[in-house]
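**Q** For reference, this is entry.tsv, and it has TSV, C-alpha atoms.
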chain	number	residue	atom	x	y	z
A	1	MET	CA	0.00	0.00	0.00
A	2	VAL	CA	2.78	2.41	0.96
A	3	LYS	CA	4.68	1.29	-2.11
A	4	ASN	CA	1.73	1.93	-4.39
A	5	SER	CA	1.19	5.40	-3.03
A	6	LEU	CA	4.90	6.18	-3.44
A	7	ILE	CA	4.70	5.15	-7.10
A	8	PHE	CA	1.61	7.29	-7.44
A	9	ILE	CA	3.44	10.28	-5.94
A	10	VAL	CA	6.38	9.81	-8.33
A	11	LEU	CA	3.99	9.66	-11.30
A	12	ILE	CA	2.21	12.81	-10.12
A	13	GLY	CA	5.60	14.49	-9.75
A	14	PHE	CA	6.55	13.66	-13.32
A	15	ALA	CA	3.13	14.78	-14.53
A	16	VAL	CA	3.61	18.13	-12.80
A	17	LEU	CA	7.11	18.48	-14.30
A	18	LEU	CA	5.79	17.75	-17.79
A	19	ALA	CA	2.64	19.85	-17.33
A	20	ASP	CA	4.81	22.95	-17.69
A	21	LEU	CA	5.34	21.93	-21.31
A	22	PHE	CA	1.77	22.23	-22.43
A	23	VAL	CA	0.18	24.65	-19.99
A	24	GLY	CA	0.13	27.82	-22.03
A	25	PHE	CA	1.61	26.11	-25.09
A	26	ASN	CA	-0.37	27.18	-28.11
A	27	GLY	CA	1.86	25.92	-30.86
A	28	ASN	CA	4.44	27.87	-32.79
A	29	THR	CA	3.52	30.29	-35.53
A	30	ASP	CA	7.07	31.08	-36.66
A	31	LEU	CA	10.44	29.41	-36.89
A	32	ASN	CA	13.08	30.57	-34.44
A	33	THR	CA	16.20	32.30	-35.74
A	34	LEU	CA	18.41	29.23	-36.07
A	35	ALA	CA	15.74	27.12	-37.74
A	36	ASN	CA	14.94	30.01	-40.06
A	37	HIS	CA	18.60	30.22	-41.08
A	38	TYR	CA	18.72	26.48	-41.78
A	39	ALA	CA	15.49	26.64	-43.79
A	40	VAL	CA	16.30	29.75	-45.81
A	41	SER	CA	20.00	29.32	-46.57
A	42	GLY	CA	20.13	25.52	-46.29
A	43	PRO	CA	19.18	24.87	-49.93
A	44	GLU	CA	21.91	27.22	-51.17
A	45	GLU	CA	24.63	26.33	-48.67
A	46	VAL	CA	24.15	22.58	-48.65
A	47	GLY	CA	22.08	21.87	-51.75
A	48	SER	CA	19.98	19.20	-50.08
A	49	ALA	CA	16.24	19.20	-50.71
A	50	ASN	CA	15.64	17.35	-47.43
A	51	LEU	CA	16.47	19.92	-44.76
A	52	VAL	CA	16.60	17.30	-42.00
A	53	THR	CA	19.38	15.60	-43.96
A	54	ALA	CA	21.17	18.94	-44.29
A	55	VAL	CA	21.06	19.35	-40.50
A	56	VAL	CA	22.00	15.75	-39.72
A	57	ILE	CA	24.89	15.33	-42.17
A	58	THR	CA	26.35	18.79	-42.66
A	59	TYR	CA	25.36	21.32	-39.99
A	60	ARG	CA	25.53	18.72	-37.20
A	61	GLY	CA	27.76	16.20	-38.94
A	62	VAL	CA	30.00	15.63	-35.95
A	63	ASP	CA	26.97	14.67	-33.85
A	64	THR	CA	26.07	12.07	-36.45
A	65	LEU	CA	29.60	10.69	-36.37
A	66	GLY	CA	29.25	10.37	-32.58
A	67	GLU	CA	25.86	8.72	-33.00
A	68	VAL	CA	27.26	6.15	-35.42
A	69	THR	CA	30.06	5.51	-32.92
A	70	ILE	CA	27.53	4.88	-30.14
A	71	LEU	CA	25.63	2.45	-32.34
A	72	PHE	CA	28.92	0.70	-33.17
A	73	LEU	CA	29.73	0.43	-29.44
A	74	ALA	CA	26.31	-1.05	-28.71
A	75	ALA	CA	26.70	-3.59	-31.52
A	76	ALA	CA	30.23	-4.46	-30.36
A	77	ILE	CA	29.12	-5.04	-26.75
A	78	VAL	CA	26.19	-7.17	-27.91
A	79	SER	CA	28.44	-9.35	-30.03
A	80	PHE	CA	30.99	-9.58	-27.22
A	81	LEU	CA	28.38	-10.73	-24.70
A	82	LEU	CA	26.57	-13.09	-27.06
A	83	LYS	CA	29.54	-14.73	-28.69
A	84	VAL	CA	28.87	-18.39	-29.47
A	85	GLU	CA	31.49	-20.98	-30.28
A	86	ALA	CA	32.11	-21.33	-33.99
A	87	GLY	CA	30.46	-24.43	-35.36
A	88	ALA	CA	27.88	-24.71	-32.59
A	89	SER	CA	24.75	-25.46	-34.60
A	90	LEU	CA	21.18	-24.80	-33.63
A	91	ASN	CA	19.91	-27.49	-31.29
A	92	ARG	CA	16.39	-26.21	-31.06
A	93	LYS	CA	13.50	-28.23	-32.39
A	94	LEU	CA	12.17	-26.23	-35.31
A	95	ARG	CA	8.91	-26.64	-37.11
A	96	SER	CA	9.54	-26.66	-40.83
A	97	THR	CA	8.80	-23.32	-42.46
A	98	SER	CA	5.40	-23.09	-44.08
A	99	GLU	CA	5.20	-22.88	-47.85
A	100	ILE	CA	3.72	-19.37	-47.73
A	101	LEU	CA	6.43	-17.87	-45.52
A	102	ASP	CA	9.20	-19.57	-47.47
A	103	THR	CA	8.00	-18.45	-50.90
A	104	ALA	CA	7.06	-14.96	-49.73
A	105	SER	CA	10.45	-14.43	-48.14
A	106	ARG	CA	12.25	-15.56	-51.31
A	107	ILE	CA	10.33	-12.92	-53.27
A	108	LEU	CA	10.29	-10.16	-50.68
A	109	VAL	CA	13.80	-10.20	-49.20
A	110	PRO	CA	15.61	-8.95	-52.35
A	111	VAL	CA	12.90	-6.32	-52.84
A	112	ILE	CA	13.28	-5.14	-49.23
A	113	PHE	CA	17.06	-4.90	-49.61
A	114	LEU	CA	16.62	-2.94	-52.83
A	115	PHE	CA	14.12	-0.61	-51.17
A	116	GLY	CA	16.56	0.01	-48.31
A	117	ILE	CA	19.28	0.93	-50.79
A	118	TYR	CA	16.84	3.21	-52.62
A	119	VAL	CA	15.95	4.95	-49.35
A	120	PHE	CA	19.53	5.74	-48.41
A	121	ILE	CA	20.62	6.78	-51.90
A	122	ASN	CA	17.72	9.26	-52.06
A	123	GLY	CA	18.23	10.53	-48.52
A	124	HIS	CA	18.98	14.08	-49.66
A	125	LEU	CA	15.89	14.33	-51.88
A	126	SER	CA	13.03	12.53	-50.20
A	127	PRO	CA	12.03	11.38	-46.71
A	128	GLY	CA	14.53	8.81	-45.53
A	129	GLY	CA	18.27	8.50	-45.27
A	130	GLY	CA	21.07	6.28	-44.10
A	131	PHE	CA	19.62	5.31	-40.74
A	132	GLN	CA	16.19	4.51	-42.14
A	133	GLY	CA	17.62	2.60	-45.11
A	134	GLY	CA	19.90	0.59	-42.82
A	135	ALA	CA	16.95	-0.31	-40.61
A	136	ILE	CA	14.97	-1.47	-43.67
A	137	ILE	CA	17.86	-3.69	-44.78
A	138	ALA	CA	18.06	-5.21	-41.29
A	139	SER	CA	14.30	-5.85	-41.34
A	140	GLY	CA	14.80	-7.81	-44.58
A	141	LEU	CA	17.37	-9.91	-42.75
A	142	VAL	CA	14.83	-10.58	-39.97
A	143	LEU	CA	12.36	-11.92	-42.54
A	144	MET	CA	15.09	-14.11	-44.04
A	145	LEU	CA	16.02	-15.55	-40.64
A	146	LEU	CA	12.35	-16.18	-39.80
A	147	ALA	CA	11.92	-18.17	-43.00
A	148	GLN	CA	15.23	-20.03	-42.81
A	149	PRO	CA	16.30	-20.23	-39.16
A	150	ALA	CA	19.18	-22.58	-39.88
A	151	LYS	CA	20.83	-20.18	-42.30
A	152	GLU	CA	24.26	-19.00	-41.26
A	153	VAL	CA	24.94	-15.31	-41.72
A	154	GLY	CA	28.58	-14.48	-42.30
A	155	HIS	CA	30.02	-12.43	-39.44
A	156	LYS	CA	33.13	-11.72	-41.48
A	157	LEU	CA	31.14	-9.98	-44.22
A	158	ILE	CA	29.19	-7.92	-41.67
A	159	THR	CA	32.40	-6.83	-39.91
A	160	LEU	CA	34.07	-5.99	-43.22
A	161	VAL	CA	31.21	-3.82	-44.50
A	162	GLU	CA	30.92	-2.08	-41.13
A	163	SER	CA	34.64	-1.31	-40.81
A	164	ILE	CA	35.07	-0.09	-44.38
A	165	SER	CA	32.06	2.23	-44.25
A	166	GLY	CA	33.02	3.58	-40.82
A	167	ILE	CA	36.57	4.37	-41.94
A	168	SER	CA	35.29	5.94	-45.17
A	169	PHE	CA	32.96	8.24	-43.19
A	170	VAL	CA	35.90	9.52	-41.11
A	171	LEU	CA	38.17	9.81	-44.17
A	172	ILE	CA	35.58	11.94	-45.98
A	173	GLY	CA	35.52	14.18	-42.91
A	174	VAL	CA	39.31	14.49	-42.91
A	175	ALA	CA	39.33	15.16	-46.65
A	176	GLY	CA	36.97	18.04	-45.88
A	177	VAL	CA	39.63	19.53	-43.58
A	178	LEU	CA	42.34	19.17	-46.24
A	179	PHE	CA	40.50	20.18	-49.42
A	180	ALA	CA	37.46	22.18	-48.28
A	181	ALA	CA	36.40	24.46	-45.45
A	182	GLY	CA	36.40	22.05	-42.51
A	183	PHE	CA	35.64	18.65	-41.03
A	184	LEU	CA	32.78	16.95	-42.94
A	185	ASP	CA	32.30	20.00	-45.16
A	186	ASN	CA	30.08	19.00	-48.06
A	187	LYS	CA	31.54	21.39	-50.63
A	188	LEU	CA	34.25	18.79	-51.19
A	189	LEU	CA	32.36	17.92	-54.38
A	190	SER	CA	30.41	20.45	-56.41
A	191	LEU	CA	26.86	20.97	-55.23
A	192	GLY	CA	25.40	20.12	-58.62
A	193	LYS	CA	21.88	20.88	-59.79
A	194	PHE	CA	19.46	21.23	-56.90
A	195	GLY	CA	17.00	18.36	-56.61
A	196	THR	CA	18.86	15.80	-58.73
A	197	ILE	CA	20.44	12.61	-57.47
A	198	PHE	CA	24.03	13.79	-58.06
A	199	SER	CA	23.73	16.91	-55.96
A	200	ALA	CA	24.33	18.18	-52.44
A	201	GLY	CA	28.08	17.56	-52.45
A	202	VAL	CA	29.22	14.62	-50.35
A	203	ILE	CA	25.85	14.09	-48.59
A	204	PRO	CA	24.77	11.12	-50.78
A	205	ILE	CA	28.17	9.47	-50.38
A	206	ILE	CA	28.18	9.90	-46.60
A	207	TYR	CA	24.60	8.64	-46.42
A	208	ILE	CA	25.49	5.55	-48.47
A	209	PHE	CA	28.25	4.75	-45.98
A	210	VAL	CA	25.98	5.49	-43.01
A	211	GLY	CA	23.31	3.24	-44.53
A	212	LEU	CA	25.72	0.36	-45.08
A	213	LYS	CA	27.17	0.78	-41.60
A	214	VAL	CA	23.82	0.95	-39.82
A	215	GLY	CA	22.51	-1.97	-41.87
A	216	ALA	CA	25.58	-4.04	-41.02
A	217	GLU	CA	25.44	-3.15	-37.31
A	218	LEU	CA	21.74	-3.94	-36.94
A	219	SER	CA	22.22	-7.16	-38.91
A	220	GLY	CA	25.06	-8.05	-36.53
A	221	ILE	CA	22.85	-7.46	-33.47
A	222	ILE	CA	20.01	-9.51	-34.99
A	223	THR	CA	22.32	-12.35	-35.99
A	224	ASN	CA	23.88	-12.48	-32.53
A	225	LEU	CA	20.49	-12.57	-30.80
A	226	HIS	CA	19.32	-15.22	-33.28
A	227	GLU	CA	22.32	-17.49	-32.70
A	228	ASN	CA	21.78	-17.35	-28.95
A	229	GLN	CA	18.23	-18.64	-29.06
A	230	ASN	CA	19.31	-22.25	-28.78
A	231	GLU	CA	21.22	-21.87	-25.53
A	232	ALA	CA	18.50	-20.41	-23.35
B	1	MET	CA	-12.30	22.77	-26.90
B	2	GLU	CA	-11.37	25.19	-29.68
B	3	ASN	CA	-7.70	25.33	-28.66
B	4	LEU	CA	-7.32	21.54	-28.90
B	5	ASN	CA	-5.23	21.57	-32.06
B	6	LEU	CA	-2.79	19.11	-33.58
B	7	GLU	CA	0.34	20.00	-31.62
B	8	ILE	CA	-1.49	19.97	-28.27
B	9	ILE	CA	-2.98	16.53	-28.99
B	10	THR	CA	0.41	15.04	-29.94
B	11	LEU	CA	2.07	16.71	-26.96
B	12	ILE	CA	-0.50	15.24	-24.55
B	13	THR	CA	-0.13	11.82	-26.22
B	14	GLY	CA	3.61	12.02	-25.69
B	15	VAL	CA	3.22	12.98	-22.03
B	16	ILE	CA	0.77	10.10	-21.46
B	17	LEU	CA	3.22	7.66	-23.08
B	18	VAL	CA	6.03	8.96	-20.85
B	19	LEU	CA	3.87	8.46	-17.75
B	20	ILE	CA	2.87	4.93	-18.82
B	21	GLY	CA	6.56	4.18	-19.39
B	22	ILE	CA	7.55	5.40	-15.92
B	23	TRP	CA	4.67	3.43	-14.39
B	24	GLY	CA	5.92	0.32	-16.18
B	25	LEU	CA	9.49	0.88	-15.02
B	26	LEU	CA	8.36	1.27	-11.40
B	27	THR	CA	5.73	-1.46	-11.08
B	28	GLN	CA	6.59	-4.34	-13.41
B	29	LYS	CA	8.50	-7.32	-12.09
B	30	ASN	CA	9.30	-8.99	-15.40
B	31	LEU	CA	12.60	-7.83	-16.92
B	32	ILE	CA	11.22	-7.82	-20.48
B	33	LYS	CA	8.29	-5.67	-19.36
B	34	ILE	CA	10.70	-3.22	-17.73
B	35	VAL	CA	12.51	-2.91	-21.07
B	36	ILE	CA	9.15	-2.31	-22.76
B	37	GLY	CA	8.41	0.43	-20.20
B	38	PHE	CA	11.73	2.05	-21.02
B	39	THR	CA	11.02	2.05	-24.77
B	40	LEU	CA	7.58	3.59	-24.15
B	41	PHE	CA	9.28	6.33	-22.12
B	42	ASP	CA	11.69	6.85	-25.04
B	43	THR	CA	8.92	7.02	-27.66
B	44	GLY	CA	6.91	9.48	-25.58
B	45	ILE	CA	9.88	11.84	-25.40
B	46	HIS	CA	10.35	11.61	-29.18
B	47	ILE	CA	6.70	12.54	-29.76
B	48	ILE	CA	7.02	15.48	-27.35
B	49	MET	CA	10.11	16.78	-29.17
B	50	VAL	CA	8.56	16.55	-32.63
B	51	SER	CA	5.34	18.23	-31.52
B	52	ILE	CA	7.26	21.11	-29.93
B	53	GLY	CA	9.00	21.70	-33.28
B	54	TYR	CA	5.70	21.80	-35.17
B	55	VAL	CA	4.64	25.12	-36.70
B	56	LYS	CA	0.99	25.75	-37.50
B	57	ASN	CA	-0.22	24.96	-41.03
B	58	ARG	CA	3.19	24.11	-42.40
B	59	THR	CA	4.61	21.08	-44.16
B	60	ALA	CA	7.57	18.74	-43.65
B	61	PRO	CA	11.05	20.30	-44.09
B	62	ILE	CA	11.59	18.73	-47.52
B	63	ILE	CA	11.65	21.02	-50.54
B	64	ASP	CA	9.47	19.59	-53.30
B	65	GLN	CA	6.47	20.72	-55.34
B	66	SER	CA	4.47	21.72	-52.26
B	67	VAL	CA	7.13	24.16	-51.03
B	68	ASN	CA	7.95	27.42	-52.78
B	69	ILE	CA	11.75	27.51	-53.02
B	70	ASN	CA	11.80	31.30	-52.56
B	71	ASP	CA	9.71	31.21	-49.41
B	72	VAL	CA	11.04	28.20	-47.50
B	73	GLY	CA	11.24	30.11	-44.22
B	74	ASN	CA	7.47	30.55	-44.18
B	75	SER	CA	6.38	27.12	-45.35
B	76	VAL	CA	8.23	24.38	-43.44
B	77	VAL	CA	8.32	23.23	-39.81
B	78	ASP	CA	11.44	23.30	-37.64
B	79	PRO	CA	13.98	20.72	-38.96
B	80	ILE	CA	16.19	20.69	-35.85
B	81	PRO	CA	13.95	18.68	-33.46
B	82	GLN	CA	13.36	16.18	-36.25
B	83	ALA	CA	17.10	15.72	-36.74
B	84	LEU	CA	17.51	15.35	-32.97
B	85	VAL	CA	14.75	12.73	-32.82
B	86	LEU	CA	16.39	10.84	-35.69
B	87	THR	CA	19.53	10.66	-33.55
B	88	ALA	CA	17.55	9.77	-30.44
B	89	ILE	CA	15.69	6.90	-32.13
B	90	VAL	CA	18.95	5.29	-33.23
B	91	ILE	CA	20.53	5.68	-29.80
B	92	GLY	CA	17.34	4.31	-28.22
B	93	LEU	CA	17.54	1.28	-30.46
B	94	GLY	CA	21.15	0.65	-29.40
B	95	VAL	CA	20.23	0.98	-25.73
B	96	THR	CA	17.25	-1.36	-26.12
B	97	ALA	CA	19.39	-3.97	-27.87
B	98	LEU	CA	21.93	-3.75	-25.04
B	99	MET	CA	19.24	-4.11	-22.35
B	100	LEU	CA	17.73	-7.13	-24.09
B	101	THR	CA	21.19	-8.67	-24.33
B	102	TYR	CA	21.71	-8.24	-20.59
B	103	VAL	CA	18.27	-9.75	-19.95
B	104	LEU	CA	19.21	-12.72	-22.13
B	105	LYS	CA	22.50	-13.24	-20.27
B	106	MET	CA	20.74	-12.97	-16.90
B	107	TYR	CA	18.16	-15.52	-17.99
B	108	GLN	CA	20.85	-17.91	-19.19
B	109	LYS	CA	22.58	-17.62	-15.81
B	110	ARG	CA	19.64	-17.93	-13.39
B	111	LYS	CA	16.75	-19.17	-15.56
B	112	SER	CA	14.49	-16.43	-14.26
B	113	LEU	CA	13.03	-13.19	-15.57
B	114	GLU	CA	11.62	-12.12	-12.20
B	115	ILE	CA	13.43	-9.06	-10.87
B	116	ASN	CA	12.82	-10.20	-7.26
B	117	ASN	CA	15.18	-13.12	-7.84
B	118	TYR	CA	18.07	-10.77	-8.51
B	119	ASN	CA	18.69	-9.30	-5.06
B	120	ASP	CA	22.50	-9.29	-5.03
B	121	LEU	CA	22.59	-5.52	-4.73
B	122	LYS	CA	19.79	-5.31	-2.17
B	123	TRP	CA	20.54	-4.40	1.42
Here is the file; what I need is its structure written in the form of structure tokens.

**A**
Amino acid sequence: MVKNSLIFIVLIGFAVLLADLFVGFNGNTDLNTLANHYAVSGPEEVGSANLVTAVVITYRGVDTLGEVTILFLAAAIVSFLLKVEAGASLNRKLRSTSEILDTASRILVPVIFLFGIYVFINGHLSPGGGFQGGAIIASGLVLMLLAQPAKEVGHKLITLVESISGISFVLIGVAGVLFAAGFLDNKLLSLGKFGTIFSAGVIPIIYIFVGLKVGAELSGIITNLHENQNEA
Amino acid sequence: MENLNLEIITLITGVILVLIGIWGLLTQKNLIKIVIGFTLFDTGIHIIMVSIGYVKNRTAPIIDQSVNINDVGNSVVDPIPQALVLTAIVIGLGVTALMLTYVLKMYQKRKSLEINNYNDLKW
């Protein structure tokens, strides 16, 4: 009883803290100065039609590098904790995959991978980007593992893709210091014609690497969790 | 009721999700349910951030046919909270994967998901 009322008091406390947010909040009618600068001069300075991409990759590019690093750390800790001996096969009893799931996954998995690649290549033009595309690719892998649980996914390939794209991301940043205005500057390549696929400087290239890296990291996490199912 | 517009509704939804998440963190005994409470907390905060960045009667910060290129400042919503939430979702996913991994290791060790069975740090 005392415990329940304590929980209730904590909840009320949080509600009071958060109430400040919407008491008297009537919605914005204008952008603030910083957002206005990003919106007005973003298309000229960065050349990206998707302003969120402009903020994520160029204006706050270092934050994104840190974010990718955090995701890498999480994936590395997961694979460290869930390491299984090489050659240990699944010893679960598995029902055989139904015809529908098997056939559907054969058709859908390549399409899902392709869609993921489309999403991260077009990250500077349309909704989407490297993180979203990577997540879509990993979801295709989930479907594949659901349909064929005994399939082995190569850890070597995942590690290779992840390392190469991570290093390339940093190298593009350093190239920005040497040949352009600063770290991760996107004027390293010409901005091109606004709204076409070869535009916005290095943003598409960085987003391709981010997409591959995120896809590889999420696939690594999924594969590790999948391989551990037989031990529990 | 006339001031119950889009951003207020999403803001209140976010706050309710945050409170449900905290309730789950505090009351649930099952480790998986605690992780679910944490992700609800996370999602609520994302919704709050996006709704604070919303500007009345404007569209997404992507320049296409619906946005006049010469008047971007008066036709799109704030892109910064959306970029922040993009970052926060990815970090949240990493944290959730880590928590689930720890839960899996704990279950393999003690064969229990009940938090009351893990009282090593209790005094």

**Q** Could you build a table of the residues in chain A lying no more than 6 Å from chain B, giving for each the nearest pair of atoms and their separation in Å rounded to one decimal place, using all atoms listed in the file, ordered by chain and ascending residue number, as CSV?

**A**
residue,atom,partner,partner_atom,distance
A:Asn28,CA,B:Val55,CA,4.8
A:Thr29,CA,B:Val55,CA,5.4
A:Ala35,CA,B:Asp78,CA,5.8
A:Asn36,CA,B:Gly73,CA,5.6
A:Ala39,CA,B:Gly73,CA,5.5
A:Val40,CA,B:Gly73,CA,5.3
A:Ala49,CA,B:Ile63,CA,4.9
A:Asn50,CA,B:Ile62,CA,4.3
A:Leu51,CA,B:Pro61,CA,5.5
A:Val52,CA,B:Pro79,CA,5.3
A:Val56,CA,B:Ala83,CA,5.7
A:Leu71,CA,B:Gly94,CA,5.7
A:Ala74,CA,B:Gly94,CA,5.5
A:Ala232,CA,B:Gln108,CA,5.4

**Q** Taking C-alpha atoms for each residue, export the selection above as a JSON list (two decimals), keeping the file's coordinate frame.

**A**
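Saved as result39.json:
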[["chain", "number", "residue", "atom", "x", "y", "z"],
["A", 28, "ASN", "CA", 4.44, 27.87, -32.79],
["A", 29, "THR", "CA", 3.52, 30.29, -35.53],
["A", 35, "ALA", "CA", 15.74, 27.12, -37.74],
["A", 36, "ASN", "CA", 14.94, 30.01, -40.06],
["A", 39, "ALA", "CA", 15.49, 26.64, -43.79],
["A", 40, "VAL", "CA", 16.30, 29.75, -45.81],
["A", 49, "ALA", "CA", 16.24, 19.20, -50.71],
["A", 50, "ASN", "CA", 15.64, 17.35, -47.43],
["A", 51, "LEU", "CA", 16.47, 19.92, -44.76],
["A", 52, "VAL", "CA", 16.60, 17.30, -42.00],
["A", 56, "VAL", "CA", 22.00, 15.75, -39.72],
["A", 71, "LEU", "CA", 25.63, 2.45, -32.34],
["A", 74, "ALA", "CA", 26.31, -1.05, -28.71],
["A", 232, "ALA", "CA", 18.50, -20.41, -23.35]]

**Q** List the neighbours of stretch 161-178 of chain A out to 8 Å using only C-alpha atoms; skip same-chain residues closer than 5 positions along the sequence, and give me the result as a ChimeraX atom specification.

**A** /A:65,183-188,206,209-210,212-214,216-217

**Q** Using all atoms listed in the file, which residues sit within 12 Å of stretch 191-200 of chain A once same-chain residues fewer than 6 positions away are excluded, as number ranges by chain?

**A** A: 42-51, 53-54, 57-58, 118, 120-126, 185, 206-207; B: 62-65, 69

**Q** Please measure the separation of atom CA of B:Leu113 and atom CA of B:Gly24, giving the value in Å to one decimal.

**A**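 A separation of 15.3 Å between them.
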
**Q** Do you know which residues are at most 10 Å from stretch 116-119 of chain B counting all atoms listed in the file, after dropping those on the same chain fewer than 2 positions away, and could you put them as a list in words?

**A**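 These residues fall inside the cut-off: Lys29, Asn30, Leu31, Met106, Arg110, Lys111, Ser112, Leu113, Glu114, Leu121, Lys122 and Trp123 of chain B.
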
**Q** List the residues sitting within 12 Å of (17.8, -5.2, -40.9) in the file's frame, using only C-alpha atoms, as a compact mmCIF listing (two decimals) with C-alpha atoms, in the frame of the given file.

**A**
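Full text of selection.txt as output:
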# COMPACT_ATOMS: atom_id res chain seq x y z
CA VAL A 109 13.80 -10.20 -49.20
CA ILE A 112 13.28 -5.14 -49.23
CA PHE A 113 17.06 -4.90 -49.61
CA PHE A 115 14.12 -0.61 -51.17
CA GLY A 116 16.56 0.01 -48.31
CA ILE A 117 19.28 0.93 -50.79
CA PHE A 131 19.62 5.31 -40.74
CA GLN A 132 16.19 4.51 -42.14
CA GLY A 133 17.62 2.60 -45.11
CA GLY A 134 19.90 0.59 -42.82
CA ALA A 135 16.95 -0.31 -40.61
CA ILE A 136 14.97 -1.47 -43.67
CA ILE A 137 17.86 -3.69 -44.78
CA ALA A 138 18.06 -5.21 -41.29
CA SER A 139 14.30 -5.85 -41.34
CA GLY A 140 14.80 -7.81 -44.58
CA LEU A 141 17.37 -9.91 -42.75
CA VAL A 142 14.83 -10.58 -39.97
CA LEU A 143 12.36 -11.92 -42.54
CA MET A 144 15.09 -14.11 -44.04
CA LEU A 145 16.02 -15.55 -40.64
CA ILE A 158 29.19 -7.92 -41.67
CA GLY A 211 23.31 3.24 -44.53
CA LEU A 212 25.72 0.36 -45.08
CA LYS A 213 27.17 0.78 -41.60
CA VAL A 214 23.82 0.95 -39.82
CA GLY A 215 22.51 -1.97 -41.87
CA ALA A 216 25.58 -4.04 -41.02
CA GLU A 217 25.44 -3.15 -37.31
CA LEU A 218 21.74 -3.94 -36.94
CA SER A 219 22.22 -7.16 -38.91
CA GLY A 220 25.06 -8.05 -36.53
CA ILE A 221 22.85 -7.46 -33.47
CA ILE A 222 20.01 -9.51 -34.99
CA THR A 223 22.32 -12.35 -35.99

**Q** Could you state the separation of atom CA of A:Ala76 and atom CA of A:Leu225 in Å, given to one decimal place?

**A**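 Atom CA of A:Leu225 lies 12.7 Å from atom CA of A:Ala76.
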
**Q** If we count all atoms listed in the file, what is near B:Thr43 at a cut-off of 8 Å, once residues fewer than 3 positions away on the same chain are taken out, given as a VMD selection string?

**A** chain B and resid 14 17 to 18 39 to 40 46 to 47

**Q** Export C-alpha atoms of the chosen residues as an mmCIF file, keeping the file's coordinate frame?

**A**
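Writing the result to again13.cif gives the following:
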data_model
loop_
_atom_site.group_PDB
_atom_site.id
_atom_site.type_symbol
_atom_site.label_atom_id
_atom_site.label_comp_id
_atom_site.auth_asym_id
_atom_site.auth_seq_id
_atom_site.Cartn_x
_atom_site.Cartn_y
_atom_site.Cartn_z
ATOM 1 C CA GLY B 14 3.610 12.020 -25.690
ATOM 2 C CA LEU B 17 3.220 7.660 -23.080
ATOM 3 C CA VAL B 18 6.030 8.960 -20.850
ATOM 4 C CA THR B 39 11.020 2.050 -24.770
ATOM 5 C CA LEU B 40 7.580 3.590 -24.150
ATOM 6 C CA HIS B 46 10.350 11.610 -29.180
ATOM 7 C CA ILE B 47 6.700 12.540 -29.760
#
